[in-house]
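J.: File structure35.cif below, mmCIF, C-alpha atoms:
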data_structure
#
loop_
_atom_site.label_atom_id
_atom_site.label_comp_id
_atom_site.auth_asym_id
_atom_site.auth_seq_id
_atom_site.Cartn_x
_atom_site.Cartn_y
_atom_site.Cartn_z
CA MET Y 1 -11.75 -7.22 3.66
CA ALA Y 2 -10.57 -6.76 0.07
CA THR Y 3 -8.57 -9.02 -2.21
CA MET Y 4 -5.68 -7.27 -3.93
CA THR Y 5 -2.25 -7.89 -5.37
CA PHE Y 6 0.91 -7.33 -3.36
CA ALA Y 7 1.69 -4.27 -5.51
CA ARG Y 8 -1.78 -2.79 -5.06
CA ALA Y 9 -1.54 -3.35 -1.29
CA ILE Y 10 1.62 -1.20 -1.13
CA ASN Y 11 -0.13 1.45 -3.22
CA ALA Y 12 -3.10 1.42 -0.83
CA GLY Y 13 -0.79 1.70 2.17
CA LEU Y 14 1.04 4.67 0.65
CA ARG Y 15 -2.27 6.33 -0.14
CA ARG Y 16 -3.51 5.92 3.42
CA ALA Y 17 -0.26 7.29 4.85
CA MET Y 18 -0.45 10.33 2.56
CA GLU Y 19 -4.05 10.96 3.52
CA ALA Y 20 -3.18 10.78 7.21
CA ASP Y 21 -0.13 13.07 7.14
CA PRO Y 22 0.48 15.96 4.69
CA LYS Y 23 4.19 15.76 5.51
CA VAL Y 24 4.50 12.41 3.68
CA LEU Y 25 6.17 12.88 0.27
CA LEU Y 26 7.09 10.31 -2.37
CA MET Y 27 10.25 10.62 -4.47
CA GLY Y 28 11.74 8.47 -7.21
CA GLU Y 29 12.44 7.90 -10.87
CA ASP Y 30 9.29 7.79 -13.04
CA ILE Y 31 6.98 7.42 -10.04
CA GLY Y 32 4.70 10.30 -11.08
CA SER Y 33 2.63 10.10 -14.26
CA LEU Y 34 4.08 6.68 -15.12
CA GLY Y 35 3.33 5.32 -11.65
CA GLY Y 36 6.75 3.70 -11.25
CA VAL Y 37 8.38 0.89 -13.20
CA PHE Y 38 6.23 -1.63 -11.28
CA ARG Y 39 3.25 0.79 -11.04
CA ILE Y 40 3.42 0.84 -7.23
CA THR Y 41 2.66 4.58 -7.15
CA ASP Y 42 0.06 4.45 -9.92
CA GLY Y 43 -2.48 7.26 -9.57
CA LEU Y 44 -0.90 8.91 -6.53
CA GLN Y 45 0.52 11.95 -8.34
CA LYS Y 46 -2.86 12.55 -9.96
CA ASP Y 47 -4.60 12.51 -6.58
CA PHE Y 48 -1.99 14.21 -4.38
CA GLY Y 49 -0.20 16.46 -6.85
CA ALA Y 50 3.31 16.77 -8.25
CA HIS Y 51 4.44 18.62 -5.11
CA ARG Y 52 3.92 15.42 -3.05
CA VAL Y 53 4.77 12.73 -5.65
CA LEU Y 54 8.02 13.92 -7.17
CA ASP Y 55 9.71 12.59 -10.29
CA THR Y 56 13.46 12.82 -9.75
CA PRO Y 57 16.51 12.72 -12.02
CA LEU Y 58 18.34 9.39 -12.45
CA ALA Y 59 20.57 10.06 -9.44
CA GLU Y 60 20.04 7.74 -6.47
CA SER Y 61 22.57 9.54 -4.29
CA GLY Y 62 20.75 12.80 -4.98
CA ILE Y 63 17.36 11.23 -4.17
CA ILE Y 64 18.50 10.08 -0.74
CA GLY Y 65 20.50 13.23 -0.05
CA THR Y 66 17.48 15.41 -0.86
CA ALA Y 67 15.31 13.22 1.37
CA VAL Y 68 17.72 13.74 4.27
CA GLY Y 69 17.27 17.49 3.89
CA LEU Y 70 13.50 17.09 3.80
CA ALA Y 71 13.60 14.97 6.96
CA TYR Y 72 15.57 17.79 8.65
CA ARG Y 73 12.65 20.09 7.82
CA GLY Y 74 10.04 17.79 9.34
CA TYR Y 75 8.87 15.87 6.28
CA ARG Y 76 8.52 12.09 6.05
CA PRO Y 77 9.93 11.28 2.60
CA VAL Y 78 9.45 7.87 0.98
CA CYS Y 79 12.07 7.16 -1.68
CA GLU Y 80 11.70 4.51 -4.38
CA ILE Y 81 14.84 2.81 -5.64
CA GLN Y 82 13.77 1.52 -9.03
CA PHE Y 83 15.71 -1.77 -8.84
CA ASP Y 84 17.81 -3.33 -6.07
CA GLY Y 85 21.09 -3.03 -7.95
CA PHE Y 86 20.59 0.72 -8.36
CA ILE Y 87 20.85 1.35 -4.62
CA TYR Y 88 24.65 1.23 -4.60
CA PRO Y 89 25.17 4.84 -5.82
CA ALA Y 90 23.13 5.87 -2.75
CA PHE Y 91 25.05 3.57 -0.40
CA ASP Y 92 27.28 6.34 0.97
CA GLN Y 93 24.31 8.60 1.76
CA ILE Y 94 22.49 5.74 3.51
CA VAL Y 95 25.29 4.34 5.67
CA SER Y 96 27.23 7.58 6.29
CA GLN Y 97 24.39 10.08 6.72
CA VAL Y 98 20.96 8.47 7.09
CA ALA Y 99 22.09 5.84 9.59
CA LYS Y 100 24.20 8.14 11.76
CA LEU Y 101 22.51 11.54 11.96
CA HIS Y 102 20.38 10.69 14.98
CA TYR Y 103 23.43 9.45 16.91
CA ARG Y 104 25.74 12.17 15.62
CA THR Y 105 23.38 14.92 16.86
CA GLN Y 106 22.77 13.19 20.20
CA GLY Y 107 19.11 12.72 19.32
CA LEU Y 108 18.42 16.29 18.18
CA VAL Y 109 17.78 15.23 14.58
CA LYS Y 110 15.44 12.44 13.54
CA VAL Y 111 15.45 10.91 10.06
CA PRO Y 112 11.96 9.50 9.44
CA LEU Y 113 12.90 8.31 5.97
CA THR Y 114 11.55 5.20 4.24
CA ILE Y 115 13.51 3.72 1.33
CA ARG Y 116 11.53 1.24 -0.77
CA VAL Y 117 13.68 -1.33 -2.57
CA PRO Y 118 12.27 -3.93 -5.01
CA PHE Y 119 14.67 -6.86 -4.51
CA GLY Y 120 15.41 -10.48 -5.29
CA GLY Y 121 15.09 -12.61 -8.41
CA GLY Y 122 12.46 -14.58 -10.22
CA ILE Y 123 11.40 -12.13 -12.92
CA GLY Y 124 14.05 -12.98 -15.52
CA SER Y 125 16.06 -9.76 -15.28
CA PRO Y 126 19.85 -9.49 -15.46
CA GLU Y 127 22.21 -8.29 -12.76
CA HIS Y 128 21.53 -4.82 -11.29
CA HIS Y 129 17.82 -5.72 -11.68
CA SER Y 130 17.81 -8.89 -9.54
CA GLU Y 131 19.98 -8.70 -6.46
CA SER Y 132 19.67 -9.22 -2.71
CA PRO Y 133 21.67 -6.45 -1.02
CA GLU Y 134 19.90 -6.56 2.36
CA ALA Y 135 22.93 -7.81 4.34
CA TYR Y 136 24.89 -4.63 3.55
CA PHE Y 137 22.29 -2.65 5.46
CA THR Y 138 21.65 -5.07 8.33
CA HIS Y 139 25.37 -4.62 9.09
CA THR Y 140 24.90 -0.87 9.55
CA SER Y 141 23.73 0.29 12.96
CA GLY Y 142 21.10 3.02 12.91
CA LEU Y 143 18.97 1.51 10.15
CA ARG Y 144 15.83 -0.58 10.43
CA VAL Y 145 15.63 -3.20 7.68
CA ILE Y 146 12.37 -5.01 6.97
CA SER Y 147 11.03 -7.27 4.26
CA VAL Y 148 7.40 -8.03 3.57
CA SER Y 149 6.03 -11.31 2.24
CA ASN Y 150 2.27 -10.94 1.78
CA PRO Y 151 -0.27 -8.25 0.80
CA GLN Y 152 -1.56 -7.64 4.34
CA ASP Y 153 1.92 -6.98 5.72
CA ALA Y 154 2.77 -4.94 2.62
CA TYR Y 155 -0.21 -2.69 3.34
CA THR Y 156 0.28 -2.40 7.10
CA MET Y 157 4.07 -2.33 7.33
CA ILE Y 158 4.58 0.44 4.75
CA GLN Y 159 2.42 2.64 6.98
CA GLN Y 160 4.36 1.57 10.08
CA ALA Y 161 7.65 2.29 8.29
CA ILE Y 162 6.51 5.79 7.30
CA ALA Y 163 5.28 6.52 10.84
CA CYS Y 164 8.55 5.31 12.37
CA ASP Y 165 11.02 8.01 13.46
CA ASP Y 166 13.95 5.76 12.47
CA PRO Y 167 15.15 5.39 8.88
CA VAL Y 168 13.67 2.20 7.39
CA LEU Y 169 14.74 0.16 4.38
CA TYR Y 170 11.61 -1.56 3.11
CA PHE Y 171 12.54 -4.51 0.87
CA GLU Y 172 9.77 -5.63 -1.51
CA PRO Y 173 10.08 -9.04 -3.21
CA LYS Y 174 9.42 -8.09 -6.81
CA ARG Y 175 8.48 -11.62 -7.91
CA ARG Y 176 5.54 -11.46 -5.47
CA TYR Y 177 4.10 -8.18 -6.81
CA HIS Y 178 1.32 -10.02 -8.65
CA ASP Y 179 0.44 -12.44 -5.83
CA ARG Y 180 -3.04 -11.82 -4.50
CA GLY Y 181 -4.30 -11.98 -0.94
CA ASP Y 182 -6.85 -10.63 1.51
CA VAL Y 183 -6.15 -7.20 2.97
CA ASP Y 184 -8.07 -5.74 5.88
CA GLU Y 185 -7.81 -2.01 5.25
CA SER Y 186 -9.37 -1.24 8.64
CA VAL Y 187 -6.28 -2.49 10.47
CA ASP Y 188 -4.75 0.22 12.63
CA PRO Y 189 -0.97 0.17 12.03
CA ALA Y 190 -0.45 1.50 15.56
CA THR Y 191 -2.01 -1.61 17.13
CA ALA Y 192 -1.01 -4.22 14.51
CA LEU Y 193 1.92 -6.60 15.01
CA SER Y 194 4.89 -4.29 15.50
CA LEU Y 195 7.42 -3.47 12.79
CA GLY Y 196 10.18 -5.34 14.63
CA SER Y 197 8.29 -8.58 15.25
CA ALA Y 198 8.73 -11.96 13.58
CA GLN Y 199 5.71 -14.19 13.02
CA VAL Y 200 5.24 -17.93 13.31
CA LEU Y 201 3.19 -18.87 10.25
CA THR Y 202 2.90 -22.62 10.79
CA GLU Y 203 3.66 -24.46 14.00
CA GLY Y 204 5.82 -27.59 13.95
CA ARG Y 205 7.74 -29.89 16.26
CA ASP Y 206 10.77 -31.18 14.28
CA VAL Y 207 12.48 -28.32 12.41
CA THR Y 208 12.40 -24.51 12.59
CA LEU Y 209 12.53 -22.97 9.09
CA VAL Y 210 13.40 -19.26 9.13
CA THR Y 211 13.08 -17.02 6.09
CA TYR Y 212 11.71 -13.68 4.84
CA GLY Y 213 10.40 -11.89 1.77
CA PRO Y 214 10.16 -13.89 -1.47
CA LEU Y 215 10.93 -17.28 0.08
CA VAL Y 216 8.16 -17.25 2.68
CA LYS Y 217 5.70 -18.65 0.17
CA THR Y 218 8.20 -21.37 -0.81
CA ALA Y 219 8.84 -22.18 2.85
CA LEU Y 220 5.12 -22.74 3.44
CA ASP Y 221 5.12 -25.17 0.50
CA VAL Y 222 8.11 -26.92 2.07
CA ALA Y 223 6.20 -27.34 5.33
CA VAL Y 224 3.38 -29.08 3.46
CA ALA Y 225 5.73 -31.32 1.46
CA ALA Y 226 7.77 -32.25 4.54
CA GLY Y 227 4.57 -33.00 6.43
CA ASP Y 228 3.68 -35.55 3.75
CA GLU Y 229 6.91 -37.35 4.72
CA GLY Y 230 6.20 -37.16 8.43
CA VAL Y 231 8.42 -34.16 9.26
CA SER Y 232 6.73 -31.29 11.10
CA VAL Y 233 8.21 -27.91 10.08
CA GLU Y 234 7.65 -24.63 11.93
CA VAL Y 235 7.89 -21.69 9.50
CA ILE Y 236 8.92 -18.27 10.80
CA ASP Y 237 8.67 -15.11 8.70
CA LEU Y 238 11.31 -12.78 10.14
CA ARG Y 239 9.67 -9.59 8.74
CA SER Y 240 12.33 -7.51 10.49
CA LEU Y 241 15.89 -8.25 9.34
CA SER Y 242 17.44 -5.60 11.61
CA PRO Y 243 16.78 -5.92 14.43
CA VAL Y 244 15.98 -9.65 14.30
CA ASP Y 245 13.26 -10.80 16.68
CA TYR Y 246 15.46 -13.44 18.30
CA PRO Y 247 13.09 -14.38 21.14
CA VAL Y 248 10.61 -15.82 18.61
CA VAL Y 249 13.31 -17.82 16.77
CA GLU Y 250 14.90 -18.91 20.03
CA ALA Y 251 11.62 -20.20 21.47
CA SER Y 252 10.99 -22.22 18.32
CA VAL Y 253 14.47 -23.78 18.23
CA ARG Y 254 14.28 -24.71 21.92
CA LYS Y 255 11.17 -26.67 20.94
CA THR Y 256 12.33 -28.29 17.68
CA GLY Y 257 16.10 -28.59 18.29
CA ARG Y 258 16.84 -27.96 14.58
CA LEU Y 259 17.22 -24.80 12.52
CA VAL Y 260 17.21 -24.19 8.75
CA ILE Y 261 17.65 -20.64 7.42
CA THR Y 262 16.98 -19.85 3.79
CA HIS Y 263 17.36 -16.67 1.72
CA GLU Y 264 18.08 -15.72 -1.87
CA ALA Y 265 21.22 -13.72 -1.06
CA GLY Y 266 24.60 -15.42 -1.17
CA GLN Y 267 25.74 -17.45 1.82
CA ASN Y 268 29.08 -15.81 2.67
CA GLY Y 269 28.51 -13.06 5.23
CA GLY Y 270 24.75 -13.27 4.74
CA LEU Y 271 21.97 -12.87 7.26
CA GLY Y 272 21.75 -16.65 7.62
CA ALA Y 273 25.28 -16.76 9.01
CA GLU Y 274 24.44 -14.19 11.68
CA ILE Y 275 21.25 -15.99 12.69
CA ALA Y 276 23.00 -19.37 12.82
CA ALA Y 277 25.73 -17.95 15.06
CA SER Y 278 23.32 -16.10 17.35
CA ILE Y 279 20.99 -19.06 17.78
CA THR Y 280 23.92 -21.39 18.42
CA GLU Y 281 25.05 -19.07 21.21
CA ARG Y 282 21.57 -18.89 22.69
CA CYS Y 283 20.39 -22.49 22.18
CA PHE Y 284 23.56 -24.60 22.02
CA HIS Y 285 22.35 -27.19 24.53
CA TYR Y 286 18.99 -27.52 22.77
CA LEU Y 287 20.34 -28.15 19.25
CA GLU Y 288 20.16 -31.69 17.88
CA HIS Y 289 22.05 -30.69 14.68
CA ALA Y 290 24.17 -27.78 13.49
CA PRO Y 291 22.09 -24.99 11.86
CA VAL Y 292 21.72 -25.44 8.09
CA ARG Y 293 21.77 -22.62 5.53
CA VAL Y 294 20.08 -22.85 2.11
CA THR Y 295 20.96 -19.74 0.10
CA GLY Y 296 21.84 -18.32 -3.27
CA PHE Y 297 25.34 -19.14 -4.48
CA ASP Y 298 28.33 -16.86 -3.91
CA ILE Y 299 28.48 -15.68 -7.51
CA PRO Y 300 27.43 -12.57 -9.44
CA TYR Y 301 23.72 -12.84 -10.15
CA PRO Y 302 23.32 -15.28 -13.09
CA TYR Y 303 21.67 -14.68 -16.43
CA SER Y 304 17.92 -15.14 -16.46
CA LYS Y 305 17.99 -18.66 -17.96
CA LEU Y 306 20.14 -19.83 -15.03
CA GLU Y 307 18.47 -18.03 -12.13
CA SER Y 308 16.15 -20.94 -11.32
CA HIS Y 309 19.30 -22.90 -10.40
CA HIS Y 310 20.57 -20.02 -8.26
CA LEU Y 311 17.45 -19.35 -6.20
CA PRO Y 312 16.60 -21.76 -3.37
CA ASP Y 313 13.56 -23.74 -4.42
CA LEU Y 314 11.36 -26.35 -2.76
CA ASP Y 315 13.77 -29.23 -3.48
CA ARG Y 316 16.86 -27.43 -2.15
CA ILE Y 317 15.09 -26.30 1.01
CA LEU Y 318 13.66 -29.78 1.56
CA ASP Y 319 17.21 -31.07 1.24
CA GLY Y 320 18.19 -28.62 3.97
CA VAL Y 321 15.40 -29.96 6.18
CA ASP Y 322 16.62 -33.51 5.54
CA ARG Y 323 20.18 -32.54 6.47
CA ALA Y 324 18.97 -30.95 9.70
CA MET Y 325 17.08 -34.18 10.41
CA GLY Y 326 20.15 -36.29 9.55
CA ARG Y 327 18.26 -38.03 6.75
CA ALA Y 328 19.68 -39.07 3.38
CA ASN Y 329 17.82 -38.14 0.18
CA SER Y 330 18.22 -38.20 -3.58
CA LEU Y 331 20.64 -35.24 -3.45
CA SER Y 332 22.89 -36.84 -0.84
CA ASN Y 333 24.95 -38.80 -3.37
CA LEU Y 334 25.55 -35.90 -5.74
CA PRO Y 335 29.17 -34.71 -6.09
CA GLY Y 336 29.88 -32.03 -3.49
CA ALA Y 337 26.80 -32.84 -1.40
CA ASP Y 338 28.94 -33.18 1.72
CA ASP Y 339 30.85 -29.92 1.13
#
Kindly present the structure from the file in C-alpha cells form.

T.:
Amino acid sequence: MATMTFARAINAGLRRAMEADPKVLLMGEDIGSLGGVFRITDGLQKDFGAHRVLDTPLAESGIIGTAVGLAYRGYRPVCEIQFDGFIYPAFDQIVSQVAKLHYRTQGLVKVPLTIRVPFGGGIGSPEHHSESPEAYFTHTSGLRVISVSNPQDAYTMIQQAIACDDPVLYFEPKRRYHDRGDVDESVDPATALSLGSAQVLTEGRDVTLVTYGPLVKTALDVAVAAGDEGVSVEVIDLRSLSPVDYPVVEASVRKTGRLVITHEAGQNGGLGAEIAASITERCFHYLEHAPVRVTGFDIPYPYSKLESHHLPDLDRILDGVDRAMGRANSLSNLPGADD
C-alpha cells in the first residue's frame, strides 16, 4: 500500500496499463516532455518513448479523429483534453463517430478509446478552464461516462477504462489532483469493483445523498455534520454516470425514503434531473419527500472570485438534506428559498 496524490495515482495507472499492453498509446497537448498541464503524464514519454506518448497540435477534433483511426488499427489510444471547456471542438467526433461506430458497423468495429477530461471548478480558473460538461455525453448512447473521486479509484478505473472495448470518457476532478490517499497497486483491475458500479461509502437510515467526482469528499463531510444533528445520511459515489447503477441507488432510497442529488453542473437538464425522475418512477411508493437537487446555477461559469458561491458546498448540501427531511434551517427564510 502506497500513499500518493490523486494525480500521481492516475499516472501510476497509466504506467501500469502501458506496461501491460504495447498497444496503449497516449495523445494530447504538451503531455510529452512537459508531462501535461497538470503533470499527469510526467515521465511517461521518457520511459515509453515519443512513439507511445505523443504531443499533438492544438486541435482537439484532430486528436480524437486520429485516435478513432488508431482504434480501427487495433490500438488503445488514451487522449488527454487539457481542460474541460476545450472538449467542445471535439464534440462532433465524439458523439457522431466515437459513440456510433460500433453500432453502425453492426459490431465489426470496436473503439477502445479513453478520453481523459479534467473537469469542474475549485482552482480559480475562468470559463473554458472550469466547466462540467458531463451531461452532454451521458445523453449520447454508445459512450461510457465515469468520474473518479479518490486516488484508489483513479488508479484502478483508468486501467479498467483502457481495457474496456467501449469508448470511455474519464472525468477527473481537477480540484482533487493534490488530495492524497492510500493506493493498493496490487489490485487487479479485472477483479476490482466493476467500471459500471456505484459504491455506498457511508451507510445511513434517513437520507440518501448521491454524488460523484469532486463533491464526494464534500458529501462525506455533510454526512458527518448531519450526524451531529441526529440525521443519518447514506452517501453513494456513482462512479459511473452512464450507465448509472440504479439498483444501488434504488435499494438505498427504498431504505431511507429520501433522496438528495448534488453535482457542480447546472441544474437544468443535468444528471440530477435524470436520476430524480428515474428514482421517482422506481421508488414512488417509498418516497417520503420529493427528490432534492443541489447543483451549480444555470449560468455561464462565474469568475474565480465568485465560484465559491456557484459550487455546492457543505452548507448548501446540508440545506438540501434539511429540505428532504422537511426541516427548517437558517436558509429557509432567505428570499427565494421556496422557489

J.: What does the PyMOL selection byres ((chain Y and resi 181) around 6) select in this file, as a list in words?

T.: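 Applied to this file, the PyMOL selection byres ((chain Y and resi 181) around 6) selects Thr3, Met4, Pro151, Arg180 and Asp182 of chain Y.
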
J.: Go through the shown structure with the PyMOL selection byres ((chain Y and resi 175) around 6) and write out the matching residues as a list of chain:residue names.

T.: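 Residues picked by the PyMOL selection byres ((chain Y and resi 175) around 6): Y:Gly122, Y:Ile123, Y:Pro173, Y:Lys174, Y:Arg176, Y:Tyr177.
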
J.: What separation in Å, quoted to one decimal, exists between CA of Leu101 (chain Y) and CA of Thr56 (chain Y)?

T.: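 These two atoms are separated by 23.6 Å.
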
J.: Can you give me, as a PyMOL selection string, the residues this file yields under the PyMOL selection byres ((chain Y and resi 231) around 10)?

T.: chain Y and resi 204-207+223-230+232-234+321-322+325

J.: Keeping C-alpha atoms, export the residues of the selection given above as a compact mmCIF listing (two decimals), in the coordinates of the input.

T.:
# COMPACT_ATOMS: atom_id res chain seq x y z
CA GLY Y 204 5.82 -27.59 13.95
CA ARG Y 205 7.74 -29.89 16.26
CA ASP Y 206 10.77 -31.18 14.28
CA VAL Y 207 12.48 -28.32 12.41
CA ALA Y 223 6.20 -27.34 5.33
CA VAL Y 224 3.38 -29.08 3.46
CA ALA Y 225 5.73 -31.32 1.46
CA ALA Y 226 7.77 -32.25 4.54
CA GLY Y 227 4.57 -33.00 6.43
CA ASP Y 228 3.68 -35.55 3.75
CA GLU Y 229 6.91 -37.35 4.72
CA GLY Y 230 6.20 -37.16 8.43
CA SER Y 232 6.73 -31.29 11.10
CA VAL Y 233 8.21 -27.91 10.08
CA GLU Y 234 7.65 -24.63 11.93
CA VAL Y 321 15.40 -29.96 6.18
CA ASP Y 322 16.62 -33.51 5.54
CA MET Y 325 17.08 -34.18 10.41

J.: Give me, as a PyMOL selection string, all polymer residues having an atom no more than 12 Å from Leu306 (chain Y), counting only C-alpha atoms and skipping those fewer than 6 positions away in the same chain.

T.: chain Y and resi 121-127+296-297+299-300

J.: For Gly272 (chain Y), work out the shell of residues within 7 Å, counting all atoms listed in the file and skipping chain neighbours fewer than 4 positions away, then give it as a PDB file with C-alpha atoms, keeping the file's coordinate frame.

T.:
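This is the output file selection_29.pdb:
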ATOM      1  CA  ILE Y 261      17.650 -20.640   7.420  1.00  0.00           C
ATOM      2  CA  THR Y 262      16.980 -19.850   3.790  1.00  0.00           C
ATOM      3  CA  ALA Y 276      23.000 -19.370  12.820  1.00  0.00           C
ATOM      4  CA  ARG Y 293      21.770 -22.620   5.530  1.00  0.00           C
TER       5      ARG Y 293
END

J.: Suppose you want the space between CA of Val37 (chain Y) and CA of Glu60 (chain Y); what is it in Å?

T.: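 Interatomic distance here is 15.1 Å.
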
J.: Just checking: using only C-alpha atoms, which residue out of Y:Asp84, Y:Asp30, Y:Asp245, Y:Glu264 ends up closest to Ser194 (chain Y)?

T.: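 Of the candidates, the smallest distance to Ser194 (chain Y) is held by Y:Asp245.
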
J.: I want to know what sits within 7 Å of Val292 (chain Y), based on only C-alpha atoms, with residues of the same chain fewer than 3 positions away left out; could you give that as a list in words?

T.: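 Skipping anything fewer than 3 positions along the chain leaves Leu259, Val260, Ile261, Gly320 and Ala324 of chain Y.
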
J.: So the first atom is CA of Thr280 (chain Y) and the second is CA of Val244 (chain Y); what is the distance between them in Å, to one decimal place?

T.: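 Going from CA of Thr280 (chain Y) over to CA of Val244 (chain Y) covers 14.8 Å.
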
J.: Taking 3 positions as the minimum chain separation for residues in the same chain, which residues sit within 10 Å of Gln97 (chain Y) when counting all atoms listed in the file? Answer as JSON, numbers by chain.

T.: {"Y": [64, 65, 68, 91, 92, 93, 94, 100, 101, 102, 104, 111, 142]}

J.: Using all atoms of region 140-149 of chain Y listed in the file and a margin of 6 Å per side, can you give the axis-aligned box centre and edge lengths in Å to one decimal, as lines of an AutoDock Vina configuration file?

T.:
center_x = 15.5
center_y = -4.1
center_z = 7.6
size_x = 30.9
size_y = 26.3
size_z = 22.7

J.: Need to verify the contact set: Leu241 (chain Y), 8 Å, all atoms listed in the file, exclusion of same-chain residues closer than 3 positions in sequence. Can you return it as a VMD selection string?

T.: chain Y and resid 138 144 to 147 238 244 271

J.: Using only C-alpha atoms, which residue out of Y:Lys255, Y:Arg239, Y:Arg16, Y:Arg116 lies closest to Val78 (chain Y)?

T.: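 Counting only C-alpha atoms, the residue closest to Val78 (chain Y) is Y:Arg116.
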
J.: Can I get the residues of region 160-206 of chain Y within 9 Å of region 9-14 of chain Y, each with the closest pair of atoms and their distance in Å to one decimal, using all atoms listed in the file, sorted chain first then ascending number, as CSV?

T.:
residue,atom,partner,partner_atom,distance
Y:Ile162,CA,Y:Leu14,CA,8.7
Y:Val183,CA,Y:Ala9,CA,7.4
Y:Glu185,CA,Y:Ala12,CA,8.4

J.: Using all atoms listed in the file for the distances, tell me which of Y:Leu220, Y:Ala161, Y:Val294, Y:Ile317 is nearest to Ser240 (chain Y).

T.: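 Smallest separation from Ser240 (chain Y) among the options: Y:Ala161.
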
J.: Between Y:Ala135, Y:Tyr170, Y:Tyr75, Y:Ala328, which has the minimum distance to Ala273 (chain Y) (counting all atoms listed in the file)?

T.: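 The closest residue to Ala273 (chain Y) is Y:Ala135.
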